[in-house]
>>> print(open('start_32.txt').read())   # compact mmCIF, C-alpha atoms
# COMPACT_ATOMS: atom_id res chain seq x y z
CA MET A 1 14.28 -0.83 16.79
CA LYS A 2 15.26 -4.20 15.39
CA PHE A 3 17.03 -3.25 12.19
CA SER A 4 17.85 0.38 11.90
CA PRO A 5 16.08 3.73 12.30
CA ARG A 6 15.66 4.13 8.52
CA VAL A 7 13.91 0.78 8.04
CA ASP A 8 11.67 1.24 11.08
CA GLU A 9 10.84 4.76 9.94
CA LEU A 10 9.77 3.47 6.52
CA ILE A 11 7.65 0.66 8.01
CA LYS A 12 5.88 3.21 10.22
CA ALA A 13 5.46 5.81 7.45
CA LEU A 14 3.88 3.28 5.03
CA GLN A 15 1.04 2.77 7.50
CA CYS A 16 -0.41 6.17 6.56
CA LEU A 17 -1.68 4.48 3.37
CA PRO A 18 -5.30 3.25 3.56
CA GLY A 19 -5.50 -0.51 4.10
CA VAL A 20 -1.84 -0.88 5.07
CA GLY A 21 -1.16 -2.25 8.56
CA PRO A 22 2.11 -3.18 10.28
CA ARG A 23 2.46 -6.54 8.48
CA SER A 24 1.86 -5.24 4.96
CA ALA A 25 4.08 -2.24 5.67
CA GLN A 26 6.88 -4.61 6.67
CA ARG A 27 6.32 -6.73 3.56
CA MET A 28 6.35 -3.64 1.34
CA THR A 29 9.54 -2.35 2.95
CA PHE A 30 11.41 -5.63 2.51
CA GLN A 31 10.13 -6.11 -1.02
CA LEU A 32 11.35 -2.65 -2.04
CA LEU A 33 14.71 -2.99 -0.28
CA GLU A 34 15.38 -6.48 -1.64
CA ARG A 35 13.95 -6.30 -5.13
CA ASP A 36 13.33 -2.84 -6.46
CA ARG A 37 15.12 0.13 -4.97
CA VAL A 38 14.78 2.07 -8.21
CA ALA A 39 10.97 1.87 -8.03
CA GLY A 40 11.11 2.75 -4.33
CA THR A 41 13.19 5.85 -5.00
CA ARG A 42 10.88 6.83 -7.85
CA LEU A 43 7.85 6.43 -5.56
CA GLY A 44 9.53 8.59 -2.92
CA GLU A 45 10.12 11.36 -5.42
CA ALA A 46 6.61 11.07 -6.90
CA LEU A 47 5.14 11.38 -3.40
CA SER A 48 7.19 14.42 -2.45
CA ARG A 49 6.40 16.16 -5.74
CA ALA A 50 2.67 15.39 -5.64
CA MET A 51 2.25 16.40 -1.99
CA SER A 52 3.95 19.75 -2.51
CA ASP A 53 2.80 20.67 -6.04
CA VAL A 54 -0.76 19.38 -6.45
CA GLY A 55 -3.49 21.84 -5.62
CA HIS A 56 -7.05 22.32 -6.84
CA CYS A 57 -8.35 23.52 -10.19
CA GLN A 58 -9.65 27.07 -9.73
CA ASP A 59 -12.82 26.19 -11.63
CA CYS A 60 -13.85 22.62 -10.92
CA ARG A 61 -11.82 22.06 -7.72
CA THR A 62 -10.38 18.70 -8.81
CA PHE A 63 -6.71 17.86 -8.19
CA THR A 64 -4.21 19.46 -10.51
CA GLU A 65 -0.88 21.21 -10.21
CA GLN A 66 -1.87 23.80 -12.81
CA THR A 67 -4.23 26.72 -12.21
CA ARG A 68 -6.93 25.01 -14.28
CA CYS A 69 -7.21 21.27 -14.90
CA PRO A 70 -6.95 19.85 -18.45
CA ILE A 71 -10.75 19.36 -18.62
CA CYS A 72 -11.62 22.95 -17.63
CA ASP A 73 -8.88 24.16 -19.96
CA ASN A 74 -10.37 22.31 -22.92
CA PRO A 75 -12.82 24.64 -24.75
CA ARG A 76 -14.56 21.66 -26.39
CA ARG A 77 -15.72 20.42 -22.97
CA ALA A 78 -17.68 23.65 -22.50
CA GLU A 79 -19.44 23.54 -25.90
CA LYS A 80 -22.59 21.72 -24.76
CA GLY A 81 -22.98 23.83 -21.62
CA GLN A 82 -23.23 20.73 -19.41
CA LEU A 83 -21.88 20.72 -15.85
CA CYS A 84 -21.68 17.46 -13.91
CA VAL A 85 -21.45 17.78 -10.12
CA VAL A 86 -19.62 14.93 -8.35
CA GLU A 87 -18.45 14.38 -4.78
CA SER A 88 -14.83 13.38 -5.39
CA PRO A 89 -12.07 13.22 -8.02
CA ALA A 90 -12.48 9.42 -8.00
CA ASP A 91 -16.10 9.85 -9.12
CA LEU A 92 -14.92 12.18 -11.89
CA LEU A 93 -12.42 9.53 -13.02
CA ALA A 94 -15.12 6.83 -13.02
CA ILE A 95 -17.41 8.96 -15.22
CA GLU A 96 -14.51 9.89 -17.52
CA SER A 97 -13.57 6.25 -17.98
CA SER A 98 -17.16 5.44 -19.03
CA GLY A 99 -16.54 7.69 -22.04
CA GLN A 100 -20.20 8.79 -22.07
CA TYR A 101 -19.83 12.37 -20.94
CA ASP A 102 -17.92 15.20 -22.58
CA GLY A 103 -18.99 18.25 -20.58
CA ARG A 104 -17.39 20.02 -17.63
CA TYR A 105 -17.29 18.95 -13.98
CA PHE A 106 -17.58 20.45 -10.55
CA VAL A 107 -15.98 18.45 -7.74
CA LEU A 108 -17.45 19.10 -4.28
CA MET A 109 -14.65 17.28 -2.41
CA GLY A 110 -17.28 16.00 0.01
CA HIS A 111 -21.00 16.38 0.66
CA LEU A 112 -23.24 18.46 2.89
CA SER A 113 -23.18 17.01 6.38
CA PRO A 114 -24.51 19.45 9.00
CA LEU A 115 -23.86 16.95 11.82
CA ASP A 116 -20.13 17.00 10.97
CA GLY A 117 -20.20 20.76 10.56
CA ILE A 118 -19.80 20.61 6.77
CA GLY A 119 -21.90 23.39 5.26
CA PRO A 120 -22.37 24.74 1.71
CA ASP A 121 -19.16 26.83 1.71
CA ASP A 122 -17.03 23.85 2.83
CA ILE A 123 -17.94 21.97 -0.35
CA GLY A 124 -17.40 25.00 -2.56
CA LEU A 125 -21.05 25.81 -3.27
CA ASP A 126 -20.16 29.52 -3.21
CA VAL A 127 -17.70 28.87 -6.07
CA LEU A 128 -20.35 26.78 -7.85
CA ASP A 129 -22.90 29.61 -7.47
CA ARG A 130 -20.49 32.06 -9.11
CA MET A 131 -19.91 29.54 -11.93
CA LEU A 132 -23.67 29.15 -12.44
CA ALA A 133 -24.05 32.93 -12.58
CA GLU A 134 -21.25 33.28 -15.14
CA GLY A 135 -22.86 30.65 -17.42
CA PRO A 136 -24.13 30.05 -20.03
CA TRP A 137 -25.19 26.56 -18.84
CA GLN A 138 -27.70 24.32 -20.58
CA GLU A 139 -27.88 21.63 -17.90
CA ILE A 140 -26.56 20.75 -14.47
CA ILE A 141 -26.21 16.96 -14.00
CA LEU A 142 -26.15 15.88 -10.36
CA ALA A 143 -24.00 12.77 -9.91
CA THR A 144 -23.59 12.77 -6.14
CA ASN A 145 -23.73 9.39 -4.41
CA PRO A 146 -27.16 7.86 -3.71
CA THR A 147 -26.74 8.24 0.06
CA VAL A 148 -28.68 10.42 2.49
CA GLU A 149 -25.97 13.10 2.39
CA GLY A 150 -25.48 12.80 -1.37
CA ASP A 151 -29.23 13.17 -1.97
CA ALA A 152 -29.46 16.18 0.35
CA THR A 153 -26.50 17.80 -1.42
CA ALA A 154 -28.11 17.13 -4.81
CA GLN A 155 -31.37 18.69 -3.59
CA TYR A 156 -29.54 21.78 -2.35
CA ILE A 157 -27.70 22.28 -5.65
CA ALA A 158 -30.89 21.63 -7.62
CA ASP A 159 -32.53 24.55 -5.77
CA MET A 160 -29.54 26.76 -6.56
CA ALA A 161 -29.76 25.91 -10.27
CA ARG A 162 -33.55 26.37 -10.42
CA GLN A 163 -33.20 29.88 -8.98
CA ARG A 164 -31.02 30.69 -11.99
CA GLU A 165 -33.49 28.89 -14.25
CA ILE A 166 -31.00 26.28 -15.43
CA ARG A 167 -32.23 22.77 -16.24
CA VAL A 168 -31.19 20.26 -13.54
CA SER A 169 -31.09 16.47 -13.80
CA ARG A 170 -29.99 13.62 -11.54
CA ILE A 171 -28.29 10.48 -12.87
CA ALA A 172 -30.53 7.38 -12.82
CA HIS A 173 -30.36 4.94 -9.95
CA GLY A 174 -31.52 1.37 -10.34
CA VAL A 175 -30.43 -2.21 -10.93
CA PRO A 176 -26.83 -2.25 -12.24
CA VAL A 177 -26.13 -4.02 -15.51
CA GLY A 178 -25.10 -7.60 -14.80
CA GLY A 179 -26.70 -7.44 -11.34
CA GLU A 180 -29.23 -10.12 -10.40
CA LEU A 181 -32.57 -8.89 -9.12
CA GLY A 182 -32.49 -11.39 -6.26
CA TYR A 183 -29.32 -9.83 -4.87
CA VAL A 184 -30.25 -6.16 -5.30
CA ASP A 185 -31.30 -4.33 -2.12
CA GLY A 186 -34.84 -3.06 -1.63
CA THR A 187 -34.06 0.65 -1.86
CA THR A 188 -32.31 0.21 -5.21
CA LEU A 189 -35.23 -1.87 -6.48
CA ALA A 190 -37.68 0.81 -5.30
CA LEU A 191 -35.64 3.46 -7.14
CA SER A 192 -35.56 1.32 -10.28
CA PHE A 193 -39.38 1.02 -10.17
CA SER A 194 -40.03 4.70 -9.51
CA GLY A 195 -37.59 5.59 -12.30
CA ARG A 196 -39.10 3.16 -14.87
CA ARG A 197 -39.48 4.34 -18.45
CA ASP A 198 -41.80 3.42 -21.32
CA ILE A 199 -40.17 1.30 -24.03
CA MET B 1 -3.88 11.96 -18.28
CA LYS B 2 -7.11 12.91 -16.54
CA PHE B 3 -5.84 15.13 -13.74
CA SER B 4 -2.29 16.18 -14.02
CA PRO B 5 1.09 14.56 -14.63
CA ARG B 6 1.99 14.64 -10.91
CA VAL B 7 -1.15 12.79 -9.79
CA ASP B 8 -0.90 10.22 -12.58
CA GLU B 9 2.79 9.73 -11.80
CA LEU B 10 1.99 9.01 -8.14
CA ILE B 11 -0.83 6.57 -9.00
CA LYS B 12 1.55 4.69 -11.28
CA ALA B 13 4.48 4.76 -8.85
CA LEU B 14 2.39 3.37 -5.97
CA GLN B 15 1.78 0.21 -7.98
CA CYS B 16 5.35 -0.92 -7.32
CA LEU B 17 4.16 -1.87 -3.82
CA PRO B 18 3.18 -5.54 -3.42
CA GLY B 19 -0.60 -6.04 -3.44
CA VAL B 20 -1.34 -2.56 -4.80
CA GLY B 21 -3.16 -2.40 -8.14
CA PRO B 22 -4.52 0.58 -10.09
CA ARG B 23 -7.65 0.97 -7.93
CA SER B 24 -5.90 0.89 -4.55
CA ALA B 25 -3.16 3.16 -5.90
CA GLN B 26 -5.83 5.68 -6.90
CA ARG B 27 -7.52 5.42 -3.50
CA MET B 28 -4.17 5.90 -1.73
CA THR B 29 -3.33 8.92 -3.86
CA PHE B 30 -6.66 10.66 -3.24
CA GLN B 31 -6.61 9.81 0.46
CA LEU B 32 -3.14 11.32 0.88
CA LEU B 33 -3.93 14.41 -1.21
CA GLU B 34 -7.28 15.05 0.50
CA ARG B 35 -6.57 14.10 4.09
CA ASP B 36 -2.95 13.84 5.02
CA ARG B 37 -0.32 15.59 2.94
CA VAL B 38 2.03 15.77 5.93
CA ALA B 39 2.07 11.97 6.23
CA GLY B 40 2.49 11.67 2.46
CA THR B 41 5.47 13.98 2.47
CA ARG B 42 6.95 12.11 5.43
CA LEU B 43 6.49 8.81 3.58
CA GLY B 44 8.19 10.25 0.51
CA GLU B 45 11.20 11.31 2.55
CA ALA B 46 11.33 8.00 4.45
CA LEU B 47 11.32 6.11 1.15
CA SER B 48 14.07 8.20 -0.41
CA ARG B 49 16.26 7.93 2.69
CA ALA B 50 15.73 4.18 3.14
CA MET B 51 16.32 3.34 -0.53
CA SER B 52 19.59 5.27 -0.63
CA ASP B 53 20.99 4.64 2.87
CA VAL B 54 20.02 1.11 3.87
CA GLY B 55 22.57 -1.58 3.09
CA HIS B 56 23.43 -4.90 4.67
CA CYS B 57 25.09 -5.68 7.99
CA GLN B 58 28.64 -6.83 7.23
CA ASP B 59 28.23 -9.78 9.62
CA CYS B 60 24.66 -11.08 9.51
CA ARG B 61 23.59 -9.53 6.17
CA THR B 62 20.30 -8.15 7.48
CA PHE B 63 19.15 -4.64 6.50
CA THR B 64 20.84 -1.76 8.28
CA GLU B 65 22.32 1.59 7.36
CA GLN B 66 25.24 1.09 9.74
CA THR B 67 28.21 -1.17 9.06
CA ARG B 68 26.95 -3.67 11.62
CA CYS B 69 23.34 -4.05 12.75
CA PRO B 70 22.32 -3.41 16.40
CA ILE B 71 22.13 -7.16 17.11
CA CYS B 72 25.62 -7.97 15.80
CA ASP B 73 26.91 -4.88 17.60
CA ASN B 74 25.54 -6.05 20.94
CA PRO B 75 28.23 -8.11 22.75
CA ARG B 76 25.59 -9.77 24.96
CA ARG B 77 24.03 -11.43 21.90
CA ALA B 78 27.32 -13.27 21.27
CA GLU B 79 27.75 -14.56 24.83
CA LYS B 80 26.02 -17.92 24.35
CA GLY B 81 27.78 -18.63 21.06
CA GLN B 82 24.46 -19.34 19.29
CA LEU B 83 23.93 -18.48 15.63
CA CYS B 84 20.47 -18.72 14.09
CA VAL B 85 20.32 -18.98 10.29
CA VAL B 86 17.15 -17.56 8.67
CA GLU B 87 16.12 -16.91 5.08
CA SER B 88 14.96 -13.32 5.36
CA PRO B 89 14.90 -10.22 7.60
CA ALA B 90 11.15 -10.86 8.10
CA ASP B 91 11.98 -14.27 9.62
CA LEU B 92 14.53 -12.59 11.89
CA LEU B 93 11.84 -10.10 13.03
CA ALA B 94 9.37 -12.93 13.70
CA ILE B 95 11.91 -14.78 15.90
CA GLU B 96 12.89 -11.55 17.67
CA SER B 97 9.26 -10.75 18.47
CA SER B 98 8.82 -14.20 20.06
CA GLY B 99 11.40 -13.06 22.64
CA GLN B 100 12.73 -16.62 23.02
CA TYR B 101 16.13 -16.21 21.42
CA ASP B 102 18.97 -13.95 22.44
CA GLY B 103 21.84 -15.12 20.23
CA ARG B 104 23.13 -13.84 16.90
CA TYR B 105 21.65 -14.28 13.42
CA PHE B 106 22.75 -14.95 9.89
CA VAL B 107 20.33 -13.85 7.17
CA LEU B 108 20.67 -15.74 3.87
CA MET B 109 18.44 -13.30 1.90
CA GLY B 110 17.08 -16.31 0.01
CA HIS B 111 17.64 -20.05 -0.20
CA LEU B 112 19.59 -22.47 -2.36
CA SER B 113 17.75 -22.96 -5.63
CA PRO B 114 19.95 -24.48 -8.34
CA LEU B 115 17.08 -24.36 -10.88
CA ASP B 116 16.98 -20.55 -10.52
CA GLY B 117 20.76 -20.35 -10.59
CA ILE B 118 21.02 -19.48 -6.89
CA GLY B 119 24.10 -21.18 -5.50
CA PRO B 120 25.90 -21.09 -2.11
CA ASP B 121 27.74 -17.82 -2.77
CA ASP B 122 24.52 -16.03 -3.78
CA ILE B 123 23.08 -16.58 -0.30
CA GLY B 124 26.32 -15.61 1.43
CA LEU B 125 27.44 -19.07 2.48
CA ASP B 126 31.05 -17.99 1.85
CA VAL B 127 30.57 -15.21 4.42
CA LEU B 128 28.91 -17.70 6.79
CA ASP B 129 31.81 -20.11 6.39
CA ARG B 130 34.28 -17.38 7.39
CA MET B 131 32.07 -16.55 10.40
CA LEU B 132 32.01 -20.22 11.44
CA ALA B 133 35.81 -20.38 11.16
CA GLU B 134 36.27 -17.25 13.26
CA GLY B 135 34.02 -18.63 16.05
CA PRO B 136 33.82 -19.61 18.85
CA TRP B 137 30.31 -20.99 18.22
CA GLN B 138 28.47 -23.38 20.56
CA GLU B 139 25.50 -24.07 18.29
CA ILE B 140 24.13 -23.29 14.85
CA ILE B 141 20.31 -23.20 14.83
CA LEU B 142 18.79 -23.69 11.37
CA ALA B 143 15.51 -21.79 11.06
CA THR B 144 15.05 -21.89 7.27
CA ASN B 145 11.50 -22.46 6.03
CA PRO B 146 10.14 -26.03 5.96
CA THR B 147 10.06 -26.09 2.15
CA VAL B 148 12.06 -28.22 -0.26
CA GLU B 149 14.55 -25.37 -0.86
CA GLY B 150 14.66 -24.43 2.83
CA ASP B 151 15.35 -28.02 3.84
CA ALA B 152 18.09 -28.39 1.21
CA THR B 153 19.67 -25.14 2.38
CA ALA B 154 19.52 -26.31 6.00
CA GLN B 155 21.14 -29.61 5.01
CA TYR B 156 23.95 -27.81 3.17
CA ILE B 157 24.70 -25.52 6.12
CA ALA B 158 24.51 -28.44 8.55
CA ASP B 159 27.28 -30.17 6.56
CA MET B 160 29.39 -26.98 6.69
CA ALA B 161 28.98 -26.73 10.46
CA ARG B 162 29.71 -30.42 11.04
CA GLN B 163 32.99 -30.09 9.14
CA ARG B 164 34.02 -27.48 11.72
CA GLU B 165 32.67 -29.69 14.49
CA ILE B 166 30.04 -27.23 15.65
CA ARG B 167 26.75 -28.55 17.04
CA VAL B 168 23.86 -28.02 14.58
CA SER B 169 20.14 -28.08 15.32
CA ARG B 170 16.97 -27.45 13.32
CA ILE B 171 13.89 -25.76 14.80
CA ALA B 172 10.97 -28.13 15.44
CA HIS B 173 8.19 -28.50 12.89
CA GLY B 174 4.77 -29.79 13.87
CA VAL B 175 1.24 -28.84 14.77
CA PRO B 176 1.10 -25.10 15.62
CA VAL B 177 -0.33 -24.05 18.99
CA GLY B 178 -4.04 -23.34 18.59
CA GLY B 179 -4.16 -25.38 15.38
CA GLU B 180 -6.72 -28.14 15.11
CA LEU B 181 -5.44 -31.57 14.12
CA GLY B 182 -8.27 -32.01 11.62
CA TYR B 183 -7.11 -29.00 9.64
CA VAL B 184 -3.36 -29.67 9.69
CA ASP B 185 -1.84 -31.05 6.48
CA GLY B 186 -0.41 -34.55 6.31
CA THR B 187 3.25 -33.54 5.97
CA THR B 188 3.09 -31.37 9.08
CA LEU B 189 1.38 -34.19 10.99
CA ALA B 190 4.05 -36.65 9.82
CA LEU B 191 6.77 -34.23 11.02
CA SER B 192 5.01 -33.80 14.36
CA PHE B 193 4.98 -37.59 14.79
CA SER B 194 8.58 -38.16 13.77
CA GLY B 195 9.63 -35.30 16.08
CA ARG B 196 7.63 -36.54 19.11
CA ARG B 197 9.24 -36.35 22.53
CA ASP B 198 8.84 -38.30 25.77
CA ILE B 199 6.97 -36.42 28.49
>>> encode(input="start_32.txt", output="structure tokens")
Amino acid sequence: MKFSPRVDELIKALQCLPGVGPRSAQRMTFQLLERDRVAGTRLGEALSRAMSDVGHCQDCRTFTEQTRCPICDNPRRAEKGQLCVVESPADLLAIESSGQYDGRYFVLMGHLSPLDGIGPDDIGLDVLDRMLAEGPWQEIILATNPTVEGDATAQYIADMARQREIRVSRIAHGVPVGGELGYVDGTTLALSFSGRRDI
Amino acid sequence: MKFSPRVDELIKALQCLPGVGPRSAQRMTFQLLERDRVAGTRLGEALSRAMSDVGHCQDCRTFTEQTRCPICDNPRRAEKGQLCVVESPADLLAIESSGQYDGRYFVLMGHLSPLDGIGPDDIGLDVLDRMLAEGPWQEIILATNPTVEGDATAQYIADMARQREIRVSRIAHGVPVGGELGYVDGTTLALSFSGRRDI
């Protein structure tokens, strides 16, 4: 306790943020105290409000403080009958910012991982199954990560959709735009070959 | 507004922290919401309390929510009559954690910088002058940074102390322990030569 309980408390509390250790926490604390107490107070209030108010959308499970998120609430997003399944709200944001997709989402908040005890119900696949039954859906687009767990999760959901005779697709994996072939890993290159298309 | 006003508000508010841009703010927000709402709430409260309660020690000007900080309040820290002048609370913490100094401090909260309009009164040199007059002080140790502004500030305070006939010293600058001579800059090497001592 070098300064005061309040300052030490803040330095310790800031370390709950990812990527923030003791030194950065100290720098953040001093910066806020010296330069911008208004912003610090605003951040404190924003944190308290978000932690207590934000829950999950009853349909797509993304973060929202309403019952349904703005996307699920928008009837135009349901017009094409497309449902994109992603692992996390960050993935949803990334797809939204690409501006290429205007259907609905389903956010798993994780992926199947039997070794960690994460089964279908833990990632809301029971909710998804009810949504698929309620339809009508034209297409389920699987946009889980191209990892072992993400692929397994995609496979599992694809089986669910096929049972209900809904078209299922998986987003393409391959060489990213601007990437140089020499620096792309072998698995990605293999995927880009197996997924080649006639031009 | 992709999720909800509360989430967007938090992502924006987090960007007041030094070194936190939109991407890290988003990662922090999702991490707190998904994994650790208790820590997030605690951080919110710590921020609000610190921003409103923490002021400056009436003697040394460091951060504290009491009238005087624990160091100024400790009579044993005044026994040797040593006063160490530093630029910031972070410098004070660094010296404290070295465990080599057990006197009092004076925190300037900046340095003289006439070009930026920062004069003696802005860094509390009027308060320091009163402290020097009240004494008794055996030694003033100048631990401002070895920069142009830090050196000028040290020089200014040294003159103040000499007028009151108090001994003034400046911490040594030179090659840091563990540093390799080949990688040390020329100015530091020059200082380490001019400050050489007989062994």
>>> closest_atom_pairs(input="start_32.txt", of="region 32-131 of chain A", to="region 151-170 of chain A", cutoff="10 Å", atoms="all atoms listed in the file", output="JSON lines")
{"residue": "A:Gln82", "atom": "CA", "partner": "A:Arg167", "partner_atom": "CA", "distance": 9.8}
{"residue": "A:Leu83", "atom": "CA", "partner": "A:Val168", "partner_atom": "CA", "distance": 9.6}
{"residue": "A:Cys84", "atom": "CA", "partner": "A:Arg170", "partner_atom": "CA", "distance": 9.5}
{"residue": "A:Val85", "atom": "CA", "partner": "A:Ala154", "partner_atom": "CA", "distance": 8.5}
{"residue": "A:Val86", "atom": "CA", "partner": "A:Ala154", "partner_atom": "CA", "distance": 9.5}
{"residue": "A:Glu87", "atom": "CA", "partner": "A:Thr153", "partner_atom": "CA", "distance": 9.4}
{"residue": "A:Leu108", "atom": "CA", "partner": "A:Thr153", "partner_atom": "CA", "distance": 9.6}
{"residue": "A:Gly110", "atom": "CA", "partner": "A:Thr153", "partner_atom": "CA", "distance": 9.5}
{"residue": "A:His111", "atom": "CA", "partner": "A:Thr153", "partner_atom": "CA", "distance": 6.0}
{"residue": "A:Leu112", "atom": "CA", "partner": "A:Thr153", "partner_atom": "CA", "distance": 5.4}
{"residue": "A:Ser113", "atom": "CA", "partner": "A:Thr153", "partner_atom": "CA", "distance": 8.5}
{"residue": "A:Gly119", "atom": "CA", "partner": "A:Thr153", "partner_atom": "CA", "distance": 9.9}
{"residue": "A:Pro120", "atom": "CA", "partner": "A:Thr153", "partner_atom": "CA", "distance": 8.7}
{"residue": "A:Ile123", "atom": "CA", "partner": "A:Thr153", "partner_atom": "CA", "distance": 9.6}
{"residue": "A:Leu125", "atom": "CA", "partner": "A:Ile157", "partner_atom": "CA", "distance": 7.9}
{"residue": "A:Leu128", "atom": "CA", "partner": "A:Ile157", "partner_atom": "CA", "distance": 8.9}
{"residue": "A:Asp129", "atom": "CA", "partner": "A:Met160", "partner_atom": "CA", "distance": 7.3}
>>> atom_distance(input="start_32.txt", atom1="CA of Cys69 (chain A)", atom2="CA of His56 (chain A)")
8.1 Å
>>> interface_residues(input="start_32.txt", of="chain B", to="chain A", cutoff="8 Å", atoms="all atoms listed in the file", output="number ranges by chain")
B: 2-4, 6-7, 9-10, 13-14, 16-18, 26-28, 30-33, 37-54, 62-66, 69-71, 89-90, 93
>>> atom_distance(input="start_32.txt", atom1="CA of Ser194 (chain A)", atom2="CA of Leu181 (chain A)")
15.5 Å
>>> residues_around(input="start_32.txt", residues="Ser192 (chain A)", least_positions_apart="3", cutoff="10 Å", atoms="all atoms listed in the file", output="list in words")
Ala172, His173, Gly174, Val175, Pro176, Gly186, Thr187, Thr188, Leu189, Gly195, Arg196 and Arg197 of chain A
>>> decode(input="start_32.txt", residues="region 170-176 of chain B", atoms="all heavy atoms", output="mmCIF file, in the first residue's frame")
data_model
loop_
_atom_site.group_PDB
_atom_site.id
_atom_site.type_symbol
_atom_site.label_atom_id
_atom_site.label_comp_id
_atom_site.auth_asym_id
_atom_site.auth_seq_id
_atom_site.Cartn_x
_atom_site.Cartn_y
_atom_site.Cartn_z
ATOM 1 N N ARG B 170 22.068 14.992 -6.851
ATOM 2 C CA ARG B 170 21.298 14.498 -7.998
ATOM 3 C C ARG B 170 21.629 13.019 -8.117
ATOM 4 O O ARG B 170 22.789 12.625 -7.947
ATOM 5 C CB ARG B 170 21.745 15.265 -9.246
ATOM 6 C CG ARG B 170 21.072 14.860 -10.553
ATOM 7 C CD ARG B 170 20.249 16.018 -11.092
ATOM 8 N NE ARG B 170 19.769 15.799 -12.461
ATOM 9 C CZ ARG B 170 18.664 15.115 -12.737
ATOM 10 N NH1 ARG B 170 17.977 14.567 -11.762
ATOM 11 N NH2 ARG B 170 18.269 14.973 -13.986
ATOM 12 N N ILE B 171 20.625 12.165 -8.385
ATOM 13 C CA ILE B 171 20.927 10.737 -8.505
ATOM 14 C C ILE B 171 21.868 10.520 -9.687
ATOM 15 O O ILE B 171 21.903 11.307 -10.630
ATOM 16 C CB ILE B 171 19.655 9.874 -8.704
ATOM 17 C CG1 ILE B 171 18.844 10.349 -9.901
ATOM 18 C CG2 ILE B 171 18.798 9.885 -7.448
ATOM 19 C CD1 ILE B 171 17.781 9.361 -10.329
ATOM 20 N N ALA B 172 22.678 9.433 -9.604
ATOM 21 C CA ALA B 172 23.690 9.170 -10.625
ATOM 22 C C ALA B 172 23.053 8.682 -11.911
ATOM 23 O O ALA B 172 22.073 7.947 -11.895
ATOM 24 C CB ALA B 172 24.681 8.130 -10.109
ATOM 25 N N HIS B 173 23.620 9.117 -13.036
ATOM 26 C CA HIS B 173 23.194 8.615 -14.337
ATOM 27 C C HIS B 173 24.370 7.920 -14.984
ATOM 28 O O HIS B 173 25.492 8.400 -14.904
ATOM 29 C CB HIS B 173 22.694 9.766 -15.219
ATOM 30 C CG HIS B 173 21.473 10.414 -14.655
ATOM 31 N ND1 HIS B 173 21.471 11.699 -14.183
ATOM 32 C CD2 HIS B 173 20.238 9.938 -14.432
ATOM 33 C CE1 HIS B 173 20.257 11.996 -13.712
ATOM 34 N NE2 HIS B 173 19.505 10.939 -13.850
ATOM 35 N N GLY B 174 24.158 6.790 -15.599
ATOM 36 C CA GLY B 174 25.237 6.067 -16.241
ATOM 37 C C GLY B 174 24.737 4.770 -16.825
ATOM 38 O O GLY B 174 23.543 4.614 -17.085
ATOM 39 N N VAL B 175 25.651 3.848 -17.044
ATOM 40 C CA VAL B 175 25.299 2.570 -17.660
ATOM 41 C C VAL B 175 24.472 1.746 -16.668
ATOM 42 O O VAL B 175 24.902 1.530 -15.545
ATOM 43 C CB VAL B 175 26.586 1.807 -18.043
ATOM 44 C CG1 VAL B 175 26.236 0.492 -18.714
ATOM 45 C CG2 VAL B 175 27.464 2.663 -18.938
ATOM 46 N N PRO B 176 23.260 1.295 -17.051
ATOM 47 C CA PRO B 176 22.445 0.518 -16.125
ATOM 48 C C PRO B 176 23.038 -0.873 -15.896
ATOM 49 O O PRO B 176 23.710 -1.411 -16.781
ATOM 50 C CB PRO B 176 21.090 0.398 -16.841
ATOM 51 C CG PRO B 176 21.395 0.598 -18.283
ATOM 52 C CD PRO B 176 22.598 1.491 -18.348
#
